[in-house]
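Okay, data-v9.cif now, which holds mmCIF, C-alpha atoms (C1' of nucleotides):
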data_data
loop_
_atom_site.label_atom_id
_atom_site.label_comp_id
_atom_site.auth_asym_id
_atom_site.auth_seq_id
_atom_site.Cartn_x
_atom_site.Cartn_y
_atom_site.Cartn_z
CA MET O 7 52.75 18.93 23.43
CA PRO O 8 51.56 22.50 23.96
CA ALA O 9 53.46 24.63 26.39
CA PRO O 10 52.08 24.77 29.94
CA GLY O 11 50.02 27.80 30.80
CA LYS O 12 48.62 28.06 27.32
CA ASN O 13 45.10 29.32 26.82
CA THR O 14 42.64 26.50 27.32
CA ARG O 15 39.45 28.54 27.04
CA PRO O 16 36.81 26.19 25.58
CA ILE O 17 35.44 26.54 22.08
CA VAL O 18 31.87 25.47 21.28
CA ILE O 19 30.73 24.79 17.71
CA MET O 20 26.99 24.45 17.14
CA GLY O 21 24.87 24.03 14.05
CA PRO O 22 22.19 21.91 12.45
CA THR O 23 22.79 18.40 11.21
CA ALA O 24 24.94 18.21 8.05
CA SER O 25 26.32 21.69 8.71
CA GLY O 26 29.85 20.32 9.02
CA LYS O 27 30.35 21.13 12.69
CA SER O 28 32.29 17.92 13.37
CA ALA O 29 34.69 18.62 10.51
CA LEU O 30 35.13 22.22 11.59
CA ALA O 31 35.71 21.22 15.22
CA LEU O 32 38.35 18.76 14.07
CA GLU O 33 40.23 21.44 12.13
CA ILE O 34 39.99 23.79 15.09
CA ALA O 35 41.32 21.11 17.44
CA LYS O 36 44.22 20.47 15.07
CA GLU O 37 45.04 24.17 14.85
CA CYS O 38 44.89 24.95 18.56
CA GLY O 39 45.92 21.67 20.10
CA GLY O 40 42.50 20.71 21.33
CA GLU O 41 40.40 17.67 22.02
CA ILE O 42 36.80 17.26 20.98
CA ILE O 43 33.82 16.72 23.25
CA SER O 44 30.81 15.54 21.29
CA ALA O 45 27.55 17.12 22.42
CA ASP O 46 25.52 14.69 20.40
CA SER O 47 22.86 12.34 21.66
CA ARG O 48 23.50 9.76 18.91
CA GLN O 49 27.20 9.67 18.16
CA VAL O 50 27.68 8.36 21.71
CA TYR O 51 26.43 4.97 20.62
CA LYS O 52 28.72 2.17 19.58
CA PHE O 53 27.95 0.49 16.25
CA LEU O 54 25.87 3.40 14.92
CA SER O 55 28.20 5.34 12.67
CA ALA O 56 26.89 5.96 9.18
CA GLY O 57 23.47 7.19 10.22
CA THR O 58 24.83 9.41 12.98
CA ALA O 59 27.62 10.87 10.84
CA LYS O 60 30.03 9.83 13.56
CA PRO O 61 33.57 10.94 12.71
CA GLN O 62 35.50 7.82 11.82
CA GLY O 63 38.17 7.10 14.40
CA VAL O 64 40.22 4.37 16.04
CA TRP O 65 40.27 3.36 19.68
CA THR O 66 43.91 3.78 20.66
CA ASP O 67 45.98 3.21 23.79
CA THR O 68 47.63 6.55 24.59
CA PRO O 69 49.57 7.90 27.59
CA ASP O 70 46.28 9.60 28.54
CA GLY O 71 44.36 6.33 28.42
CA LEU O 72 42.24 4.56 25.82
CA LEU O 73 40.92 7.23 23.47
CA TYR O 74 38.84 7.41 20.30
CA LEU O 75 41.19 9.20 17.91
CA VAL O 76 40.02 10.88 14.73
CA ASP O 77 42.96 11.97 12.61
CA GLY O 78 45.00 11.78 15.80
CA ILE O 79 42.61 14.06 17.69
CA PRO O 80 40.90 12.57 20.77
CA CYS O 81 37.10 12.66 20.52
CA HIS O 82 35.32 12.22 23.83
CA LEU O 83 31.76 10.99 24.39
CA THR O 84 31.83 9.35 20.99
CA ASP O 85 31.36 5.62 20.35
CA ILE O 86 31.14 4.74 24.04
CA LEU O 87 27.60 3.62 24.80
CA ASP O 88 25.85 0.28 24.35
CA PRO O 89 22.90 0.65 21.93
CA ARG O 90 20.56 -0.60 24.65
CA ALA O 91 21.65 2.10 27.10
CA SER O 92 19.80 5.37 27.45
CA TYR O 93 21.53 8.71 27.60
CA ASP O 94 20.23 12.07 28.74
CA ALA O 95 21.19 15.68 29.31
CA VAL O 96 22.44 15.10 32.86
CA SER O 97 24.50 12.11 31.88
CA PHE O 98 26.03 14.22 29.11
CA VAL O 99 26.75 17.12 31.46
CA SER O 100 28.57 15.02 34.06
CA ARG O 101 30.62 13.13 31.45
CA ALA O 102 31.42 16.34 29.62
CA HIS O 103 32.57 18.05 32.81
CA LYS O 104 34.89 15.17 33.53
CA ALA O 105 36.28 15.20 29.99
CA ALA O 106 36.71 18.99 29.96
CA THR O 107 38.54 18.90 33.28
CA GLU O 108 40.94 16.23 32.05
CA ILE O 109 41.58 18.05 28.78
CA THR O 110 42.28 21.29 30.58
CA GLU O 111 44.64 19.50 32.98
CA ARG O 112 46.59 18.37 29.92
CA ASN O 113 46.83 22.03 28.92
CA ARG O 114 44.74 21.42 25.89
CA THR O 115 41.60 23.18 24.64
CA PRO O 116 38.19 21.51 24.96
CA VAL O 117 36.37 21.87 21.64
CA PHE O 118 32.68 21.10 21.97
CA ALA O 119 30.86 20.07 18.80
CA GLY O 120 27.23 19.29 18.93
CA GLY O 121 23.80 19.50 17.47
CA THR O 122 21.92 18.53 20.59
CA GLY O 123 20.92 21.99 21.72
CA MET O 124 19.53 20.84 25.02
CA TYR O 125 22.87 19.29 25.99
CA ILE O 126 24.81 22.47 25.23
CA GLN O 127 22.16 24.43 27.09
CA SER O 128 22.32 22.13 30.12
CA TYR O 129 26.11 22.18 30.23
CA TRP O 130 26.63 25.93 29.98
CA ASN O 131 23.52 27.23 31.73
CA GLY O 132 22.95 24.36 34.11
CA LEU O 133 19.82 22.47 34.97
CA ASP O 134 17.67 23.33 37.94
CA ASP O 135 18.03 20.90 40.80
CA MET O 136 15.37 18.30 40.18
CA PRO O 137 15.27 14.58 40.86
CA GLU O 138 16.40 12.22 38.15
CA GLY O 139 13.97 10.34 35.96
CA ASN O 140 12.27 7.30 37.40
CA PRO O 141 11.42 4.64 34.80
CA ALA O 142 8.77 2.95 36.97
CA ILE O 143 6.86 6.20 37.51
CA ARG O 144 7.13 7.08 33.83
CA GLU O 145 5.77 3.72 32.84
CA LYS O 146 2.88 4.04 35.25
CA LEU O 147 2.01 7.53 33.96
CA GLN O 148 2.31 6.36 30.35
CA ASP O 149 -0.15 3.55 31.17
CA GLU O 150 -2.58 6.10 32.56
CA ILE O 151 -2.30 8.09 29.34
CA ASN O 152 -2.92 4.98 27.27
CA ARG O 153 -6.01 4.20 29.34
CA ASN O 154 -7.51 7.63 29.96
CA GLY O 155 -5.88 9.96 27.45
CA HIS O 156 -3.43 12.76 27.96
CA ARG O 157 -6.13 15.32 28.78
CA TYR O 158 -6.98 13.37 31.89
CA LEU O 159 -3.39 13.64 33.16
CA HIS O 160 -3.13 17.25 32.08
CA ALA O 161 -6.20 18.02 34.20
CA ARG O 162 -4.36 16.52 37.16
CA LEU O 163 -1.34 18.73 36.46
CA GLU O 164 -3.72 21.69 36.26
CA ARG O 165 -4.82 20.98 39.83
CA ILE O 166 -1.39 20.48 41.38
CA ASP O 167 0.60 22.94 39.27
CA PRO O 168 -1.39 25.47 37.21
CA ALA O 169 1.79 27.33 36.21
CA ALA O 170 3.32 24.23 34.65
CA ALA O 171 0.01 23.20 33.10
CA ALA O 172 -0.15 26.55 31.35
CA LYS O 173 3.29 25.98 29.82
CA ILE O 174 3.03 22.32 28.90
CA PRO O 175 0.57 21.47 26.10
CA PRO O 176 -1.64 18.46 26.90
CA GLY O 177 -0.37 16.60 23.84
CA ASN O 178 3.27 16.86 24.88
CA THR O 179 3.22 13.66 26.88
CA HIS O 180 6.97 13.58 27.56
CA ARG O 181 6.96 16.91 29.36
CA LEU O 182 3.60 16.16 30.98
CA ILE O 183 4.95 12.91 32.40
CA ARG O 184 8.12 14.63 33.59
CA ALA O 185 6.14 17.30 35.44
CA LEU O 186 3.97 14.74 37.23
CA GLU O 187 7.01 12.57 37.92
CA VAL O 188 8.82 15.43 39.69
CA HIS O 189 5.70 16.11 41.74
CA GLU O 190 5.41 12.46 42.79
CA LEU O 191 9.08 12.30 43.75
CA THR O 192 9.26 15.56 45.69
CA GLY O 193 5.68 16.53 46.59
CA LYS O 194 6.40 19.91 45.00
CA PRO O 195 5.24 21.32 41.67
CA ILE O 196 7.85 21.24 38.94
CA SER O 197 7.33 24.94 38.33
CA SER O 198 8.71 25.65 41.82
CA PHE O 199 12.10 24.36 40.60
CA TRP O 200 12.19 26.57 37.57
CA THR O 201 14.37 29.68 37.63
CA SER O 202 14.09 32.52 35.16
CA GLN O 203 16.57 33.66 32.52
CA TYR O 204 17.33 30.10 31.66
CA PHE O 205 17.02 30.13 27.93
CA ALA O 206 18.12 33.47 26.58
CA VAL O 207 21.91 33.52 26.25
CA LEU O 208 25.11 31.50 26.53
CA PRO O 209 27.96 32.55 28.87
CA THR O 210 30.30 34.09 26.33
CA HIS O 211 32.71 35.12 29.11
CA GLU O 212 33.44 31.45 29.77
CA ALA O 213 33.93 30.11 26.24
CA ASP O 214 34.00 31.03 22.56
CA PHE O 215 30.74 30.00 20.96
CA LEU O 216 30.07 29.76 17.24
CA ILE O 217 26.95 28.80 15.32
CA ILE O 218 27.19 27.56 11.74
CA GLU O 219 24.30 28.73 9.56
CA TRP O 220 23.69 27.53 6.02
CA ASP O 221 21.38 28.79 3.34
CA LYS O 222 18.39 26.50 3.78
CA ASP O 223 18.34 25.15 0.22
CA VAL O 224 22.05 24.38 0.26
CA LEU O 225 21.75 22.58 3.59
CA SER O 226 18.83 20.68 2.11
CA ASP O 227 21.05 19.57 -0.80
CA ARG O 228 23.77 18.51 1.62
CA ILE O 229 21.24 16.42 3.54
CA ARG O 230 19.97 14.79 0.37
CA GLU O 231 23.46 13.95 -0.84
CA ARG O 232 24.59 12.64 2.52
CA THR O 233 21.52 10.44 2.96
CA ALA O 234 21.95 8.82 -0.46
CA LEU O 235 25.59 8.19 0.39
CA ILE O 236 25.09 6.60 3.81
CA PHE O 237 21.87 4.65 3.35
CA ASP O 238 23.40 1.31 2.43
CA ASP O 239 25.81 1.50 5.35
CA MET O 240 22.95 2.31 7.70
CA VAL O 241 21.16 -0.79 6.50
CA GLU O 242 24.27 -2.90 7.10
CA GLU O 243 24.73 -1.44 10.60
CA THR O 244 21.10 -2.14 11.41
CA LYS O 245 21.31 -5.73 10.16
CA ALA O 246 24.47 -6.29 12.20
CA LEU O 247 22.81 -4.99 15.37
CA LEU O 248 19.79 -7.23 14.86
CA ALA O 249 22.10 -10.19 14.22
CA GLU O 250 23.86 -9.44 17.52
CA GLY O 251 20.51 -9.68 19.27
CA TYR O 252 19.83 -6.00 19.87
CA PRO O 253 16.08 -5.35 19.89
CA ALA O 254 14.65 -3.25 17.07
CA ASP O 255 13.21 -0.84 19.64
CA CYS O 256 16.41 -0.26 21.63
CA PRO O 257 17.24 3.43 22.22
CA ALA O 258 20.00 3.60 19.61
CA LEU O 259 17.80 2.19 16.83
CA LYS O 260 15.25 4.93 17.46
CA SER O 261 17.75 7.41 16.05
CA LEU O 262 16.56 9.31 13.03
CA GLY O 263 16.72 7.13 9.93
CA TYR O 264 17.19 3.76 11.60
CA PRO O 265 13.45 3.01 11.83
CA GLN O 266 13.38 3.63 8.07
CA ALA O 267 16.33 1.25 7.61
CA LEU O 268 14.33 -1.32 9.58
CA ASP O 269 11.32 -0.78 7.31
CA PHE O 270 13.55 -1.30 4.30
CA ILE O 271 15.01 -4.49 5.77
CA SER O 272 11.53 -5.88 6.48
CA ASN O 273 10.45 -4.94 2.94
CA SER O 274 7.73 -2.57 4.06
CA ALA O 275 9.39 0.25 2.11
CA ASP O 276 11.62 0.30 -0.94
CA ARG O 277 14.99 2.00 -1.17
CA ALA O 278 13.80 5.22 -2.80
CA GLU O 279 10.91 5.61 -0.36
CA SER O 280 13.16 4.99 2.62
CA ILE O 281 15.76 7.50 1.51
CA HIS O 282 13.10 10.10 0.73
CA LYS O 283 11.54 9.63 4.16
CA ILE O 284 14.91 9.99 5.90
CA VAL O 285 15.68 13.16 3.94
CA THR O 286 12.33 14.66 4.95
CA LEU O 287 12.80 13.76 8.61
CA THR O 288 16.36 15.08 8.61
CA ARG O 289 15.29 18.39 7.10
CA ALA O 290 12.59 18.78 9.74
CA TYR O 291 15.17 17.98 12.40
CA ALA O 292 17.60 20.57 11.01
CA LYS O 293 14.80 23.13 11.14
CA ARG O 294 14.09 22.36 14.80
CA GLN O 295 17.78 22.71 15.57
CA MET O 296 17.95 26.07 13.83
CA THR O 297 14.87 27.26 15.71
CA TRP O 298 16.52 26.24 18.97
CA LEU O 299 19.76 28.05 18.13
CA LYS O 300 17.96 31.28 17.23
CA ARG O 301 17.51 31.97 20.92
CA TYR O 302 21.21 32.66 21.44
CA LYS O 303 21.30 36.28 20.35
CA ASN O 304 24.71 36.85 21.95
CA VAL O 305 26.54 34.14 19.99
CA PRO O 306 28.46 34.89 16.76
CA ARG O 307 27.42 33.10 13.61
CA ILE O 308 29.16 32.13 10.44
CA ARG O 309 26.81 32.22 7.47
CA LEU O 310 27.45 29.98 4.48
CA ALA O 311 25.47 30.65 1.32
CA LYS O 312 27.09 28.45 -1.33
CA PRO O 313 28.62 24.97 -1.35
CA GLU O 314 31.98 26.54 -2.26
CA ASP O 315 31.95 28.52 0.97
CA TRP O 316 32.67 25.32 2.83
CA ASN O 317 36.36 25.14 3.66
CA PRO O 318 36.77 23.98 7.26
CA LYS O 319 40.55 24.50 7.33
CA ARG O 320 40.25 28.11 6.25
CA ILE O 321 37.28 28.82 8.50
CA ALA O 322 39.16 27.31 11.46
CA ARG O 323 42.12 29.67 10.86
CA THR O 324 39.93 32.74 10.52
CA ILE O 325 38.12 32.20 13.80
CA LEU O 326 41.12 31.29 15.95
"C1'" G E 1 -10.43 3.56 -32.93
"C1'" C E 2 -14.05 1.74 -29.19
"C1'" C E 3 -15.44 0.88 -23.95
"C1'" G E 4 -14.58 1.99 -18.81
"C1'" C E 5 -12.43 4.92 -14.89
"C1'" G E 6 -10.21 9.32 -13.52
"C1'" G E 7 -8.43 14.92 -13.86
"C1'" U E 8 -9.89 19.32 -6.92
"C1'" A E 9 -3.70 22.32 -2.55
"C1'" G E 10 3.40 20.69 -3.84
"C1'" C E 11 1.76 15.02 -3.33
"C1'" U E 12 -2.28 11.23 -2.15
"C1'" C E 13 -7.23 11.89 -2.15
"C1'" A E 14 -12.43 13.31 0.17
"C1'" G E 15 -16.62 16.42 -1.00
"C1'" U E 16 -21.16 19.73 -2.08
"C1'" G E 17 -26.36 22.95 -7.17
"C1'" G E 18 -25.03 28.59 -3.11
"C1'" U E 19 -17.02 29.29 -5.60
"C1'" A E 20 -14.18 23.77 -1.03
"C1'" G E 21 -11.68 20.01 2.93
"C1'" A E 22 -8.22 15.85 5.23
"C1'" G E 23 -3.50 13.46 5.68
"C1'" C E 24 1.44 14.19 4.29
"C1'" A E 25 4.78 17.98 2.73
"C1'" A E 26 5.80 23.30 3.47
"C1'" U E 27 6.30 27.65 6.78
"C1'" G E 28 6.75 29.80 11.78
"C1'" G E 29 7.15 28.57 16.89
"C1'" U E 30 7.68 25.75 21.83
"C1'" C E 31 11.46 23.27 24.66
"C1'" U E 32 14.64 22.41 32.44
"C1'" G E 33 17.00 14.64 33.73
"C1'" A E 34 13.60 10.71 26.61
"C1'" A E 35 15.71 16.27 22.83
"C1'" A E 36 17.78 12.67 16.21
"C1'" A E 37 12.42 13.16 21.58
"C1'" A E 38 7.60 15.17 22.32
"C1'" C E 39 4.53 19.08 20.86
"C1'" C E 40 1.80 23.93 19.13
"C1'" A E 41 0.15 27.29 15.17
"C1'" U E 42 -0.68 28.64 9.93
"C1'" G E 43 -1.63 29.08 4.65
"C1'" U E 44 -1.75 27.24 0.13
"C1'" G E 45 -6.65 26.45 -5.03
"C1'" U E 46 -8.69 29.87 -12.47
"C1'" C E 47 -12.04 22.32 -8.50
"C1'" G E 48 -8.62 19.87 -16.86
"C1'" U E 49 -10.68 23.37 -21.10
"C1'" U E 50 -14.85 25.38 -23.66
"C1'" A E 51 -19.92 25.77 -24.24
"C1'" G E 52 -24.99 24.60 -22.42
"C1'" U E 53 -28.99 24.07 -18.48
"C1'" U E 54 -29.82 27.15 -14.05
"C1'" C E 55 -31.14 33.05 -10.30
"C1'" G E 56 -26.48 30.54 -9.34
"C1'" A E 57 -22.10 25.13 -11.68
"C1'" U E 58 -16.37 22.62 -8.93
"C1'" C E 59 -20.98 19.50 -8.72
"C1'" C E 60 -25.85 18.29 -13.95
"C1'" U E 61 -25.28 17.90 -19.76
"C1'" A E 62 -22.19 17.92 -24.26
"C1'" A E 63 -17.75 18.35 -26.89
"C1'" C E 64 -12.67 18.53 -26.54
"C1'" C E 65 -7.75 17.77 -24.10
"C1'" C E 66 -4.72 14.73 -20.82
"C1'" G E 67 -3.69 10.15 -17.81
"C1'" C E 68 -4.63 4.96 -16.51
"C1'" G E 69 -6.88 0.16 -17.58
"C1'" G E 70 -9.44 -3.17 -21.02
"C1'" C E 71 -10.88 -4.54 -26.12
"C1'" A E 72 -9.26 -4.32 -30.98
#

Would you mind writing the file's structure down as structure tokens?
Amino acid sequence: MPAPGKNTRPIVIMGPTASGKSALALEIAKECGGEIISADSRQVYKFLSAGTAKPQGVWTDTPDGLLYLVDGIPCHLTDILDPRASYDAVSFVSRAHKAATEITERNRTPVFAGGTGMYIQSYWNGLDDMPEGNPAIREKLQDEINRNGHRYLHARLERIDPAAAAKIPPGNTHRLIRALEVHELTGKPISSFWTSQYFAVLPTHEADFLIIEWDKDVLSDRIRERTALIFDDMVEETKALLAEGYPADCPALKSLGYPQALDFISNSADRAESIHKIVTLTRAYAKRQMTWLKRYKNVPRIRLAKPEDWNPKRIARTIL
RNA sequence: GCCGCGGUAGCUCAGUGGUAGAGCAAUGGUCUGAAAAACCAUGUGUCGUUAGUUCGAUCCUAACCCGCGGCA
């Protein structure tokens, strides 16, 4: 056990999918006596492992409670959620705060690892105080879109909240619905909740942040190799979930790649097609993640150009 | 060898006698309780080759090359 009073300043590892952030976070946790908090919207789910690149661990009874241990390192917010359950940024933030508090009380270092930029953003910069999502209102608004089109609802937003309407494209139905939902719940325009300076930087005085950047072609190769390697396991996981009675449209099975596994299982796509489709989707996802991370101009980056540059143990030692 | 069909963007294909377009991919971007979500913007071209007809050909004609199918 680490000595009391030791530095427990959090470490936050970010990067696109297949960048190796989980492996790096694990090495860092081993080096500094830390525990991992997964900032990942998919690795939370039970039974989805291959397709989410969930670090393989074992649920273990410890003096600190029942924990998911990977190589002996506790990984929080991993493998905890029923595939039918939904998860969101606020749920992540409150669970992560609880985990971070407990880790710090044990005099250990919280090591965040995550590719879900919005979760990291929400945790470190906070979310403005708005009401939580309301499934009934969302469903009603979605029905209106299905009947009248999204432009019809966007015109309504234009009337009640021109500032928000200017920022939310009519086709972005998720954000459009959210804006109208907040208005219905509070009677106030969503833009009145927004504060400025929300997206520019991360609070580097509170934690050590690090972004992993790969040469795009090398990351692309890593994605291709990983997808070929995990595809059969994804198919098995998907079959097992269906056999257990989980619906094909449950939140977990909407994770990237699983719809393609479902297509393969139902014979509407062959193996090569399915893998190719997953690789394409994963690359596009990695690109979106990198675009998101570009905003954090005050965060240090580690740039990896060649496959040989990848040595998590060594990188962990150099940054600690 | 003969007959038929085809050759246009990275891929699948549409199209017009006045030098071209859609989807996907690609590239850049957006992001406040679904974020592995949902969106926005932007190209890309010797229109198989050569010759002919024409003021003008990617489009019509011919030959040739390549691919696919059928017949031998």

Review point. Which residues of chain O are close to chain E, meaning at most 9 Å apart when you count only C-alpha atoms (C1' of nucleotides), and how do they look as a ChimeraX atom specification?
Key: /O:47-48,58,92-97,122-125,128,132-134,136-139,174-181,184,199-201,204,260-263,286,288,291,297-298

Practice item. Give as a list of chain:residue names the residues that the PyMOL selection byres ((chain E and resi 43) around 9) matches when applied to the coordinates above. Key: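 So the PyMOL selection byres ((chain E and resi 43) around 9), applied here, picks out E:U27, E:U42, E:U44.
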
Exercise for review: Expand the PyMOL selection byres ((chain O and resi 56) around 8) into the individual residues it matches in the shown file, reporting them as JSON, numbers by chain.
Suggested key: {"O": [54, 55, 57, 58, 59, 60, 236, 237, 239, 240, 243]}

Exercise for review: Pick out the closest residue to Arg144 of chain O from this set: O:Glu190, O:Ala311, O:His211, O:Asn13. Count only C-alpha atoms.
Suggested key: O:Glu190

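The space separating atom CA of Tyr51 of chain O from atom CA of Lys293 of chain O comes to 23.6 Å.
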
Exercise for review: Run through the PyMOL selection byres ((chain E and resi 70) around 12) on the given coordinates and return the selected residues as a PyMOL selection string.
Suggested key: chain E and resi 2-5+68-69+71-72

Point to revise | Protein and nucleic acid residues near (8.8, 19.8, -5.6) (cut-off 12 Å, all atoms listed in the file) as a list in words | key: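 Residues satisfying the cut-off, written out: G10, C11, A25 and A26 of chain E.
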
Review point. Nearest to G56 of chain E: which of E:U12, E:U19, E:G7, E:G1 is it, counting only C-alpha atoms (C1' of nucleotides)?
Key: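 Using only C-alpha atoms (C1' of nucleotides), G56 of chain E sits closest to E:U19.
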
Exercise for review: Work out how far atom CA of Asn317 of chain O is from atom CA of Asp221 of chain O, in Å to one decimal.
Suggested key: 15.4 Å

Review point. What is the atom CA of Met296 of chain O to atom CA of Val207 of chain O distance in Å?
Key: 15.0 Å

**Study point:** Shell of 8 Å around Pro89 of chain O, all atoms listed in the file, local chain residues under 6 positions omitted, as JSON, numbers by chain
**Key:** {"O": [51, 52, 53, 252, 256, 257, 258, 259]}

**Study point:** Long-range neighbours of C60 of chain E as a PyMOL selection string, 10 Å cut-off, all atoms listed in the file, 6 positions minimum in chain
**Key:** chain E and resi 17+53-54

Exercise for review: Find the spatial neighbours of Ala142 of chain O, counting all atoms listed in the file, within a cut-off of 12 Å - ignore same-chain residues fewer than 2 positions away - and output them as a list of chain:residue names.
Suggested key: O:Gly139, O:Asn140, O:Arg144, O:Glu145, O:Lys146, O:Leu147, O:Gln148, O:Asp149, O:Ile183, O:Glu187, O:Glu190, O:Leu191

Check your understanding: segment 62-66 of chain O: which residues within 9 Å, counting all atoms listed in the file, same-chain residues fewer than 6 positions away excluded, as a PyMOL selection string?
Key -> chain O and resi 55+72-81

Please determine an axis-aligned box that encloses all atoms of segment 1-13 of chain E listed in the file, with 4 Å added on each side, and express its centre and edge lengths in Å to one decimal as AutoDock Vina command-line options.
--center_x -6.0 --center_y 11.6 --center_z -17.5 --size_x 26.8 --size_y 29.4 --size_z 38.8

Review point. Looking at O:Asp46, O:Arg162, O:Lys104, O:Asp70, which one is nearest to Thr84 of chain O, with distances taken over all atoms listed in the file?
Key: O:Asp46

As an mmCIF file, keeping the file's coordinate frame, could you write out segment 309-315 of chain O once it has been completed with all heavy atoms?
data_model
loop_
_atom_site.group_PDB
_atom_site.id
_atom_site.type_symbol
_atom_site.label_atom_id
_atom_site.label_comp_id
_atom_site.auth_asym_id
_atom_site.auth_seq_id
_atom_site.Cartn_x
_atom_site.Cartn_y
_atom_site.Cartn_z
ATOM 1 N N ARG O 309 27.875 32.518 8.423
ATOM 2 C CA ARG O 309 26.810 32.220 7.470
ATOM 3 C C ARG O 309 27.407 31.724 6.162
ATOM 4 O O ARG O 309 28.268 32.386 5.580
ATOM 5 C CB ARG O 309 25.976 33.482 7.199
ATOM 6 C CG ARG O 309 25.186 33.911 8.423
ATOM 7 C CD ARG O 309 24.057 34.866 8.053
ATOM 8 N NE ARG O 309 23.187 35.080 9.209
ATOM 9 C CZ ARG O 309 23.483 35.899 10.228
ATOM 10 N NH1 ARG O 309 24.608 36.591 10.219
ATOM 11 N NH2 ARG O 309 22.655 36.029 11.243
ATOM 12 N N LEU O 310 26.936 30.585 5.699
ATOM 13 C CA LEU O 310 27.450 29.980 4.480
ATOM 14 C C LEU O 310 26.320 29.918 3.469
ATOM 15 O O LEU O 310 25.264 29.350 3.740
ATOM 16 C CB LEU O 310 27.988 28.582 4.788
ATOM 17 C CG LEU O 310 29.093 28.562 5.863
ATOM 18 C CD1 LEU O 310 29.305 27.164 6.412
ATOM 19 C CD2 LEU O 310 30.386 29.111 5.297
ATOM 20 N N ALA O 311 26.553 30.526 2.301
ATOM 21 C CA ALA O 311 25.470 30.650 1.320
ATOM 22 C C ALA O 311 25.625 29.665 0.170
ATOM 23 O O ALA O 311 24.634 29.244 -0.414
ATOM 24 C CB ALA O 311 25.427 32.073 0.786
ATOM 25 N N LYS O 312 26.862 29.309 -0.165
ATOM 26 C CA LYS O 312 27.090 28.450 -1.330
ATOM 27 C C LYS O 312 27.963 27.251 -0.943
ATOM 28 O O LYS O 312 28.751 27.348 -0.007
ATOM 29 C CB LYS O 312 27.813 29.250 -2.427
ATOM 30 C CG LYS O 312 27.070 30.514 -2.840
ATOM 31 C CD LYS O 312 27.740 31.172 -4.051
ATOM 32 C CE LYS O 312 29.134 31.646 -3.790
ATOM 33 N NZ LYS O 312 29.202 32.767 -2.817
ATOM 34 N N PRO O 313 27.812 26.143 -1.680
ATOM 35 C CA PRO O 313 28.620 24.970 -1.350
ATOM 36 C C PRO O 313 30.112 25.300 -1.317
ATOM 37 O O PRO O 313 30.855 24.759 -0.489
ATOM 38 C CB PRO O 313 28.303 23.997 -2.491
ATOM 39 C CG PRO O 313 26.976 24.411 -3.003
ATOM 40 C CD PRO O 313 26.884 25.898 -2.794
ATOM 41 N N GLU O 314 30.550 26.213 -2.188
ATOM 42 C CA GLU O 314 31.980 26.540 -2.260
ATOM 43 C C GLU O 314 32.466 27.263 -1.003
ATOM 44 O O GLU O 314 33.674 27.363 -0.775
ATOM 45 C CB GLU O 314 32.291 27.426 -3.472
ATOM 46 C CG GLU O 314 31.719 26.949 -4.791
ATOM 47 C CD GLU O 314 30.288 27.466 -4.979
ATOM 48 O OE1 GLU O 314 30.094 28.622 -5.391
ATOM 49 O OE2 GLU O 314 29.363 26.659 -4.698
ATOM 50 N N ASP O 315 31.525 27.815 -0.235
ATOM 51 C CA ASP O 315 31.950 28.520 0.970
ATOM 52 C C ASP O 315 32.509 27.572 2.029
ATOM 53 O O ASP O 315 33.077 28.008 3.014
ATOM 54 C CB ASP O 315 30.758 29.277 1.594
ATOM 55 C CG ASP O 315 30.278 30.404 0.694
ATOM 56 O OD1 ASP O 315 31.029 30.778 -0.213
ATOM 57 O OD2 ASP O 315 29.152 30.889 0.910
#
